[in-house]
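Q: File follows, query.cif with mmCIF, C-alpha atoms:
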data_upload
loop_
_atom_site.label_atom_id
_atom_site.label_comp_id
_atom_site.auth_asym_id
_atom_site.auth_seq_id
_atom_site.Cartn_x
_atom_site.Cartn_y
_atom_site.Cartn_z
CA MET A 1 8.32 2.34 24.24
CA PRO A 2 8.43 -0.38 26.90
CA THR A 3 11.75 -2.02 27.59
CA ASP A 4 12.93 -4.97 29.61
CA LEU A 5 14.84 -2.50 31.83
CA GLN A 6 11.65 -0.85 33.01
CA ALA A 7 11.16 -0.90 36.76
CA PRO A 8 8.58 -3.56 37.69
CA GLY A 9 6.82 -1.27 40.13
CA ASP A 10 6.47 1.66 37.75
CA ILE A 11 2.85 0.85 36.88
CA GLY A 12 1.74 4.30 35.76
CA HIS A 13 4.73 4.78 33.48
CA ARG A 14 4.33 1.30 32.06
CA THR A 15 0.66 1.88 31.19
CA ALA A 16 1.44 5.19 29.47
CA LEU A 17 4.14 3.58 27.39
CA SER A 18 2.00 0.65 26.33
CA ASP A 19 -0.90 2.97 25.44
CA ASP A 20 1.52 4.85 23.21
CA ALA A 21 2.71 1.59 21.66
CA ARG A 22 -0.89 0.61 20.94
CA HIS A 23 -1.21 3.72 18.79
CA GLU A 24 2.23 3.39 17.18
CA ARG A 25 2.32 -0.27 16.26
CA ILE A 26 4.93 -1.70 13.94
CA ASP A 27 3.46 -4.25 11.55
CA VAL A 28 6.06 -6.75 10.28
CA HIS A 29 3.61 -8.80 8.17
CA HIS A 30 2.18 -6.61 5.42
CA HIS A 31 1.98 -8.00 1.87
CA TYR A 32 2.81 -5.49 -0.84
CA THR A 33 2.09 -6.02 -4.52
CA ALA A 34 3.20 -2.79 -6.14
CA PRO A 35 0.73 -1.32 -8.64
CA GLU A 36 3.78 -0.43 -10.73
CA TRP A 37 4.71 -4.10 -10.83
CA VAL A 38 1.19 -5.15 -11.87
CA ARG A 39 1.27 -2.67 -14.77
CA TRP A 40 4.72 -3.92 -15.80
CA ALA A 41 3.62 -7.57 -15.60
CA GLU A 42 0.54 -6.90 -17.73
CA LYS A 43 2.53 -4.95 -20.30
CA ASN A 44 5.01 -7.82 -20.63
CA GLY A 45 2.41 -10.59 -20.72
CA ILE A 46 3.58 -12.11 -17.43
CA ALA A 47 0.40 -11.64 -15.42
CA ASP A 48 -3.15 -10.46 -15.89
CA ARG A 49 -4.57 -8.40 -13.04
CA ASP A 50 -7.99 -10.02 -13.37
CA SER A 51 -6.48 -13.47 -12.82
CA LEU A 52 -4.29 -12.43 -9.88
CA PRO A 53 -5.56 -13.07 -6.33
CA PRO A 54 -7.67 -10.21 -4.91
CA TRP A 55 -5.03 -9.40 -2.28
CA THR A 56 -2.62 -8.31 -5.02
CA ARG A 57 -4.75 -5.21 -5.65
CA TRP A 58 -2.74 -3.24 -3.12
CA ASP A 59 -3.82 0.38 -2.73
CA GLU A 60 -1.83 3.10 -1.00
CA THR A 61 -4.83 5.01 0.36
CA ALA A 62 -6.46 1.82 1.68
CA ALA A 63 -3.18 0.77 3.32
CA LEU A 64 -2.76 4.08 5.13
CA ASP A 65 -6.42 4.02 6.18
CA LEU A 66 -6.02 0.55 7.68
CA MET A 67 -2.86 1.63 9.47
CA ASP A 68 -4.60 4.68 10.92
CA ARG A 69 -7.59 2.61 12.06
CA THR A 70 -5.38 0.07 13.83
CA GLY A 71 -2.92 2.57 15.28
CA THR A 72 -0.10 1.28 13.09
CA HIS A 73 2.68 3.80 12.68
CA THR A 74 4.94 1.69 10.44
CA SER A 75 4.29 -1.24 8.13
CA VAL A 76 7.24 -3.33 6.98
CA LEU A 77 6.34 -4.62 3.53
CA THR A 78 7.00 -8.05 2.07
CA VAL A 79 7.42 -7.41 -1.63
CA ALA A 80 5.26 -9.79 -3.67
CA MET A 81 5.72 -10.79 -7.31
CA LEU A 82 3.50 -13.45 -8.86
CA GLY A 83 4.28 -14.81 -12.28
CA ARG A 84 6.14 -17.48 -14.20
CA PHE A 85 9.38 -16.44 -15.78
CA LYS A 86 11.14 -18.31 -18.56
CA GLU A 87 14.20 -16.05 -18.60
CA ALA A 88 16.47 -14.93 -15.80
CA ALA A 89 16.57 -11.39 -17.20
CA ALA A 90 12.79 -11.05 -16.90
CA ARG A 91 12.83 -12.33 -13.32
CA LYS A 92 15.53 -9.81 -12.41
CA GLU A 93 13.61 -6.98 -14.07
CA SER A 94 10.48 -8.07 -12.20
CA THR A 95 12.39 -7.84 -8.94
CA ARG A 96 13.83 -4.45 -9.84
CA VAL A 97 10.44 -2.97 -10.70
CA ALA A 98 8.90 -4.23 -7.46
CA LEU A 99 11.82 -3.13 -5.28
CA ASP A 100 12.07 0.31 -6.84
CA ALA A 101 8.36 0.82 -6.20
CA ALA A 102 8.79 -0.23 -2.55
CA GLY A 103 11.74 2.10 -2.15
CA ALA A 104 9.81 5.01 -3.66
CA LEU A 105 6.83 4.32 -1.39
CA ALA A 106 9.03 4.26 1.71
CA ALA A 107 10.65 7.53 0.66
CA ARG A 108 7.29 9.13 -0.10
CA HIS A 109 5.92 8.24 3.34
CA SER A 110 8.98 8.45 5.53
CA GLY A 111 8.49 6.50 8.74
CA ARG A 112 5.20 4.91 7.64
CA PHE A 113 6.58 2.24 5.32
CA ALA A 114 9.73 0.12 5.28
CA PHE A 115 10.35 -3.10 3.40
CA PHE A 116 12.14 -6.43 3.22
CA THR A 117 14.02 -7.27 0.02
CA PRO A 118 13.37 -10.79 -1.32
CA VAL A 119 15.80 -13.67 -1.54
CA PHE A 120 15.00 -16.65 -3.72
CA LEU A 121 15.72 -20.19 -2.53
CA ASP A 122 16.12 -21.37 -6.12
CA ASP A 123 18.28 -18.52 -7.45
CA ALA A 124 21.42 -17.52 -5.55
CA GLU A 125 22.58 -15.01 -8.16
CA LEU A 126 19.29 -13.12 -8.18
CA SER A 127 19.23 -13.24 -4.39
CA ARG A 128 22.64 -11.56 -4.19
CA TRP A 129 21.54 -8.85 -6.60
CA SER A 130 18.27 -8.31 -4.71
CA VAL A 131 20.05 -8.01 -1.37
CA SER A 132 22.56 -5.53 -2.76
CA HIS A 133 19.99 -3.43 -4.62
CA GLY A 134 17.37 -3.59 -1.90
CA MET A 135 19.52 -3.07 1.18
CA ASP A 136 22.48 -1.06 -0.08
CA GLN A 137 20.75 1.20 -2.58
CA LEU A 138 17.13 1.40 -1.43
CA GLY A 139 17.42 0.97 2.33
CA ALA A 140 15.56 -2.31 2.96
CA VAL A 141 15.59 -3.19 6.66
CA GLY A 142 15.96 -6.94 6.10
CA VAL A 143 15.11 -9.71 3.67
CA SER A 144 12.13 -11.94 3.01
CA ALA A 145 12.15 -15.58 1.95
CA ARG A 146 9.67 -18.34 1.31
CA THR A 147 9.66 -21.08 3.91
CA SER A 148 10.14 -23.53 1.04
CA THR A 149 10.45 -23.75 -2.71
CA GLY A 150 9.65 -27.19 -4.07
CA ASN A 151 11.45 -29.62 -1.79
CA THR A 152 13.98 -27.07 -0.55
CA TYR A 153 13.37 -25.69 2.95
CA LEU A 154 15.16 -22.81 4.64
CA GLY A 155 17.56 -25.03 6.58
CA ASP A 156 18.79 -26.90 3.52
CA PRO A 157 22.63 -26.89 3.48
CA ALA A 158 22.48 -26.04 -0.22
CA LEU A 159 21.43 -22.54 0.88
CA ASP A 160 24.55 -22.03 3.00
CA PRO A 161 26.30 -19.67 0.53
CA ILE A 162 23.47 -17.12 0.59
CA MET A 163 22.99 -17.65 4.34
CA ALA A 164 26.68 -16.90 4.86
CA GLU A 165 26.36 -13.62 2.96
CA LEU A 166 23.26 -12.67 4.94
CA ASP A 167 25.06 -13.58 8.16
CA GLU A 168 27.77 -11.06 7.32
CA ARG A 169 25.00 -8.44 7.25
CA ALA A 170 23.40 -9.73 10.48
CA ALA A 171 20.23 -9.89 8.42
CA VAL A 172 16.68 -10.26 9.70
CA ILE A 173 14.87 -12.80 7.52
CA SER A 174 11.08 -12.58 7.38
CA THR A 175 9.63 -15.90 6.21
CA HIS A 176 6.33 -16.89 4.64
CA PRO A 177 4.88 -19.96 2.88
CA MET A 178 3.71 -19.75 -0.72
CA GLN A 179 2.56 -22.34 -3.25
CA VAL A 180 2.85 -25.22 -0.79
CA ASN A 181 2.18 -28.83 -1.68
CA THR A 182 -1.43 -29.67 -0.82
CA SER A 183 -1.64 -33.06 -2.55
CA GLY A 184 -3.78 -35.45 -0.55
CA ALA A 185 -5.52 -32.67 1.38
CA PRO A 186 -9.33 -32.81 1.60
CA GLN A 187 -11.09 -30.67 -0.94
CA GLY A 188 -12.51 -27.38 0.22
CA ILE A 189 -9.71 -26.44 2.66
CA PRO A 190 -7.70 -23.45 1.37
CA PRO A 191 -3.95 -23.87 1.88
CA PHE A 192 -3.72 -20.85 4.19
CA VAL A 193 -5.96 -22.56 6.77
CA CYS A 194 -3.55 -25.34 7.75
CA ASP A 195 -1.03 -26.16 4.99
CA PHE A 196 0.74 -22.80 5.35
CA LEU A 197 1.16 -23.48 9.06
CA MET A 198 2.62 -26.92 8.35
CA ASP A 199 5.07 -25.48 5.81
CA THR A 200 6.26 -22.92 8.36
CA THR A 201 6.66 -25.67 10.95
CA ARG A 202 8.69 -27.80 8.56
CA ALA A 203 10.90 -24.83 7.69
CA ALA A 204 11.55 -24.17 11.38
CA LEU A 205 12.39 -27.84 11.98
CA SER A 206 14.71 -27.75 8.96
CA LEU A 207 16.56 -24.80 10.49
CA ILE A 208 16.78 -26.58 13.85
CA MET A 209 17.87 -29.97 12.46
CA ASN A 210 20.58 -28.48 10.26
CA GLY A 211 21.88 -26.08 12.91
CA THR A 212 21.55 -23.03 10.67
CA LEU A 213 21.65 -20.54 13.55
CA ASP A 214 24.61 -22.33 15.08
CA ARG A 215 26.61 -21.91 11.88
CA PHE A 216 25.26 -18.43 11.12
CA PRO A 217 24.60 -16.94 14.56
CA ARG A 218 24.01 -13.38 13.34
CA LEU A 219 20.90 -14.35 11.38
CA THR A 220 17.43 -13.80 12.82
CA PHE A 221 14.32 -15.50 11.44
CA ILE A 222 10.74 -14.26 11.84
CA LEU A 223 8.22 -17.10 11.64
CA PRO A 224 4.75 -16.05 10.44
CA HIS A 225 1.38 -17.00 11.90
CA GLY A 226 2.67 -17.56 15.42
CA GLY A 227 5.26 -20.06 14.22
CA GLY A 228 2.75 -22.44 12.68
CA TYR A 229 2.46 -25.56 14.81
CA LEU A 230 5.98 -25.29 16.24
CA PRO A 231 5.11 -23.89 19.69
CA TYR A 232 2.39 -26.52 20.15
CA ILE A 233 4.60 -29.49 19.20
CA ALA A 234 7.85 -28.20 20.71
CA SER A 235 7.89 -30.72 23.54
CA ARG A 236 7.13 -33.50 21.07
CA VAL A 237 10.15 -32.47 18.99
CA GLU A 238 12.29 -32.45 22.12
CA VAL A 239 11.18 -35.99 23.07
CA PHE A 240 11.61 -37.44 19.57
CA GLY A 241 14.42 -35.19 18.33
CA ARG A 242 16.99 -37.98 18.28
CA GLN A 243 14.84 -39.84 15.77
CA LEU A 244 15.09 -36.99 13.28
CA VAL A 245 17.70 -37.09 10.53
CA PRO A 246 19.99 -35.43 11.42
CA ALA A 247 19.26 -36.05 15.09
CA VAL A 248 18.55 -33.09 17.35
CA ASP A 249 19.41 -32.74 21.01
CA PRO A 250 16.49 -31.45 23.15
CA GLY A 251 18.62 -28.49 24.22
CA ARG A 252 18.90 -27.27 20.63
CA VAL A 253 15.12 -27.32 20.28
CA ARG A 254 14.69 -25.19 23.41
CA ASP A 255 17.47 -22.85 22.28
CA TYR A 256 15.96 -22.28 18.85
CA LEU A 257 12.50 -21.65 20.24
CA HIS A 258 13.97 -18.61 21.99
CA ARG A 259 15.99 -17.47 18.97
CA PHE A 260 13.14 -17.30 16.46
CA TYR A 261 10.71 -14.39 16.37
CA TYR A 262 7.00 -15.01 15.82
CA ASP A 263 4.33 -12.68 14.46
CA THR A 264 0.76 -12.40 15.73
CA ALA A 265 -0.95 -13.17 12.41
CA ALA A 266 -2.09 -16.55 13.68
CA PRO A 267 -4.23 -14.81 15.02
CA MET A 268 -3.64 -14.52 18.74
CA SER A 269 -6.37 -16.06 20.89
CA PRO A 270 -6.98 -17.10 24.52
CA SER A 271 -6.21 -20.69 23.50
CA ALA A 272 -3.13 -20.01 21.35
CA THR A 273 -1.37 -17.17 23.16
CA PRO A 274 -0.44 -19.10 26.34
CA THR A 275 1.25 -21.79 24.25
CA LEU A 276 3.31 -19.24 22.30
CA LEU A 277 4.25 -17.41 25.49
CA ALA A 278 5.30 -20.66 27.16
CA ALA A 279 7.43 -21.66 24.16
CA ALA A 280 9.08 -18.35 23.30
CA GLY A 281 8.23 -15.59 25.78
CA SER A 282 6.70 -12.21 24.99
CA SER A 283 10.02 -10.65 23.97
CA ARG A 284 10.05 -12.71 20.75
CA ILE A 285 6.56 -11.84 19.48
CA LEU A 286 5.88 -9.13 16.87
CA TYR A 287 2.66 -7.55 15.67
CA GLY A 288 1.59 -8.71 12.19
CA SER A 289 -1.61 -7.82 10.36
CA ASP A 290 -1.24 -10.16 7.34
CA TRP A 291 -3.03 -7.51 5.27
CA PRO A 292 -4.39 -7.52 2.59
CA PRO A 293 -4.78 -11.34 2.34
CA THR A 294 -6.47 -10.95 5.72
CA PRO A 295 -9.28 -8.50 4.85
CA THR A 296 -9.54 -5.05 6.39
CA ARG A 297 -12.66 -5.92 8.37
CA VAL A 298 -10.99 -8.93 9.95
CA VAL A 299 -7.86 -6.95 10.86
CA THR A 300 -9.80 -4.02 12.35
CA GLU A 301 -12.65 -5.91 14.01
CA VAL A 302 -11.18 -9.31 14.92
CA THR A 303 -7.43 -9.86 14.98
CA THR A 304 -6.15 -6.52 16.28
CA PRO A 305 -8.83 -6.22 19.00
CA ALA A 306 -8.07 -9.83 19.96
CA LEU A 307 -4.45 -8.85 20.61
CA ASP A 308 -5.46 -5.73 22.54
CA GLY A 309 -7.86 -7.68 24.75
CA ASP A 310 -5.94 -10.96 25.08
CA PRO A 311 -6.26 -12.00 28.75
CA ALA A 312 -2.88 -13.78 28.66
CA LEU A 313 -1.03 -10.50 28.07
CA GLY A 314 -0.24 -7.70 30.47
CA GLU A 315 0.25 -4.10 29.43
CA ARG A 316 4.02 -4.36 29.35
CA GLU A 317 3.89 -7.49 27.19
CA ARG A 318 1.36 -5.89 24.85
CA GLY A 319 3.57 -2.83 24.45
CA ASN A 320 6.56 -4.96 23.57
CA ILE A 321 4.58 -6.96 21.02
CA ASN A 322 3.05 -3.87 19.43
CA ARG A 323 6.26 -1.89 19.14
CA GLY A 324 9.15 -2.48 21.53
CA ASN A 325 10.29 -5.85 20.21
CA ALA A 326 10.30 -4.64 16.59
CA LEU A 327 12.39 -1.60 17.45
CA ARG A 328 14.91 -3.81 19.22
CA LEU A 329 15.04 -6.19 16.25
CA LEU A 330 14.94 -3.53 13.52
CA PRO A 331 16.51 -0.39 15.03
CA ALA A 332 16.40 1.35 11.64
CA LEU A 333 12.66 1.81 12.28
CA ALA A 334 13.28 4.05 15.30
CA PRO A 335 12.32 7.71 14.77
CA ALA A 336 15.23 9.92 13.80
#
Could you rewrite the structure in this file as structure tokens?

A:
Amino acid sequence: MPTDLQAPGDIGHRTALSDDARHERIDVHHHYTAPEWVRWAEKNGIADRDSLPPWTRWDETAALDLMDRTGTHTSVLTVAMLGRFKEAAARKESTRVALDAAGALAARHSGRFAFFTPVFLDDAELSRWSVSHGMDQLGAVGVSARTSTGNTYLGDPALDPIMAELDERAAVISTHPMQVNTSGAPQGIPPFVCDFLMDTTRAALSLIMNGTLDRFPRLTFILPHGGGYLPYIASRVEVFGRQLVPAVDPGRVRDYLHRFYYDTAAPMSPSATPTLLAAAGSSRILYGSDWPPTPTRVVTEVTTPALDGDPALGERERGNINRGNALRLLPALAPA
């Protein structure tokens, strides 16, 4: 595992470590829809598997095969639940079924799977239960949250009570957009092409503007898809930050850029990587496959090889992105 303490001149050792990291990646962006949850949802009339998106047909054998083909030792799962709930009790049971399945999977394949437990921006009580059940009883390594729900973004002060509780745990918060507002967008452009990136950018700006990490300094946020547009517009936010409401000093923008983590599910490319490196540095980037919404063929033949061959990255940087940074952020993933 490469570390920042590695001697700069130790080229042979550095190459060996990064080769190892390339075959023991840690994937922090893996969507998990538990088959147990799908069966429960169908039984209770909450969802119909034929109407669910194709990526919800998660399969254990296919997941392990993808991981083996990409040299991924551990996948950290974001637990997905799709459905509309009229009663709080049903939503809690939905969360329990999904979390228990994730916990059982992680126990069944020790070291191969870990998971984030969800928090809900619109339900503080369920969030507290999910954090307690997922982290304290099932061993979740962090939490996951949507970048927004309705008009509420992650930095909204209304979320301070749950943020305070997560801060006490020094929680890692993996973020992701879902069901974003696409009104006014041209027809024919799926939301994941550009609207997801905008929602992530807005969530990051919300966190910056409201000083969330200043008030809760033990929290760590992972931004998906390379941080959306944030790295590209960072200098623009610095220049015009005092026109935001609340106003933002340029120094806070620069500080937050180096406090967020960013995953590679953008995907990385010769045009995008230099911008992300300039904004955040290689020590804040994590490998993310975005599977199964990103199909197996794309992960194995396009996005992962693009990371391995990215001309903007050296071997030490690649090793940190593949494995070293994740182990530093989530030490529970380190081998016993």

Q: Nearest to A:Ile26 among A:Met67, A:Ala312, A:Met178, A:Leu223, with distances taken over only C-alpha atoms: which residue is it?

A: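 Of A:Met67, A:Ala312, A:Met178, A:Leu223, the one nearest A:Ile26, counting only C-alpha atoms, is A:Met67.
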
Q: Just want the 8 Å neighbourhood of A:Ser94, counted on only C-alpha atoms, with same-chain residues fewer than 2 positions away dropped. Output as a VMD selection string.

A: chain A and resid 37 40 to 41 81 90 to 92 96 to 98

Q: I'd like to see the residues matched by the PyMOL selection byres ((chain A and resi 273-290) around 9) on this file, and ideally I'd get them as a ChimeraX atom specification.

A: /A:4,25-31,75,222,224-227,230-232,234,254,257-272,291-295,299,303-304,307,310,312-313,317-318,320-326

Q: Got a sec to resolve the PyMOL selection byres ((chain A and resi 158-161) around 12) on this structure and send the residues as a PyMOL selection string?

A: chain A and resi 119-125+127-128+145+148-149+151-157+162-168+206-207+210-213+215-216+219

Q: Can you list, as a PyMOL selection string, every protein, DNA or RNA residue that comes within 8 Å of stretch 247-251 of chain A when you count all atoms listed in the file, leaving out same-chain residues fewer than 3 positions away?

A: chain A and resi 208-209+237-239+241-244+254-255

Q: Using atom CA of A:Ser130 and atom CA of A:Thr182 as the two end points, give the distance in Å to one decimal.

A: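 Going from atom CA of A:Ser130 over to atom CA of A:Thr182 covers 29.3 Å.
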
Q: The PyMOL selection byres ((chain A and resi 176) around 6) on the file shown: which residues, as an MDAnalysis selection string?

A: chainID A and resid 146:147 175 177

Q: Atom CA of A:Asp136 and atom CA of A:Ser174, how far apart in Å?

A: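 Computing the Euclidean distance for atom CA of A:Ser174 and atom CA of A:Asp136 yields 17.8 Å.
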
Q: Which residue out of A:Ile233, A:Ala80, A:Ala170, A:Val143 has the minimum interatomic distance to A:Thr201 when only C-alpha atoms are used?

A: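 Between A:Ile233, A:Ala80, A:Ala170, A:Val143, the residue approaching A:Thr201 most closely is A:Ile233.
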
Q: When you draw a straight line from atom CA of A:Thr220 to atom CA of A:Val141, how long is it in Å?

A: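 Between atom CA of A:Thr220 and atom CA of A:Val141 the gap is 12.4 Å.
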
Q: Name the closest residue to A:Arg297 among the candidates A:Leu66, A:Ala101, A:Leu126, A:Val172; distances are taken between atoms, counting only C-alpha atoms.

A: A:Leu66

Q: So which residues are close to (-3.9, -6.7, -9.1), meaning at most 12 Å away in the file's coordinates with all atoms listed in the file counted, and can you show them as a list in words?

A: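 Taken together, the residues in range are Tyr32, Thr33, Ala34, Pro35, Glu36, Trp37, Val38, Arg39, Trp40, Ala41, Glu42, Ala47, Asp48, Arg49, Asp50, Ser51, Leu52, Pro53, Pro54, Trp55, Thr56, Arg57, Trp58, Asp59, Ala80, Met81, Leu82, Gly83 and Pro292 of chain A.
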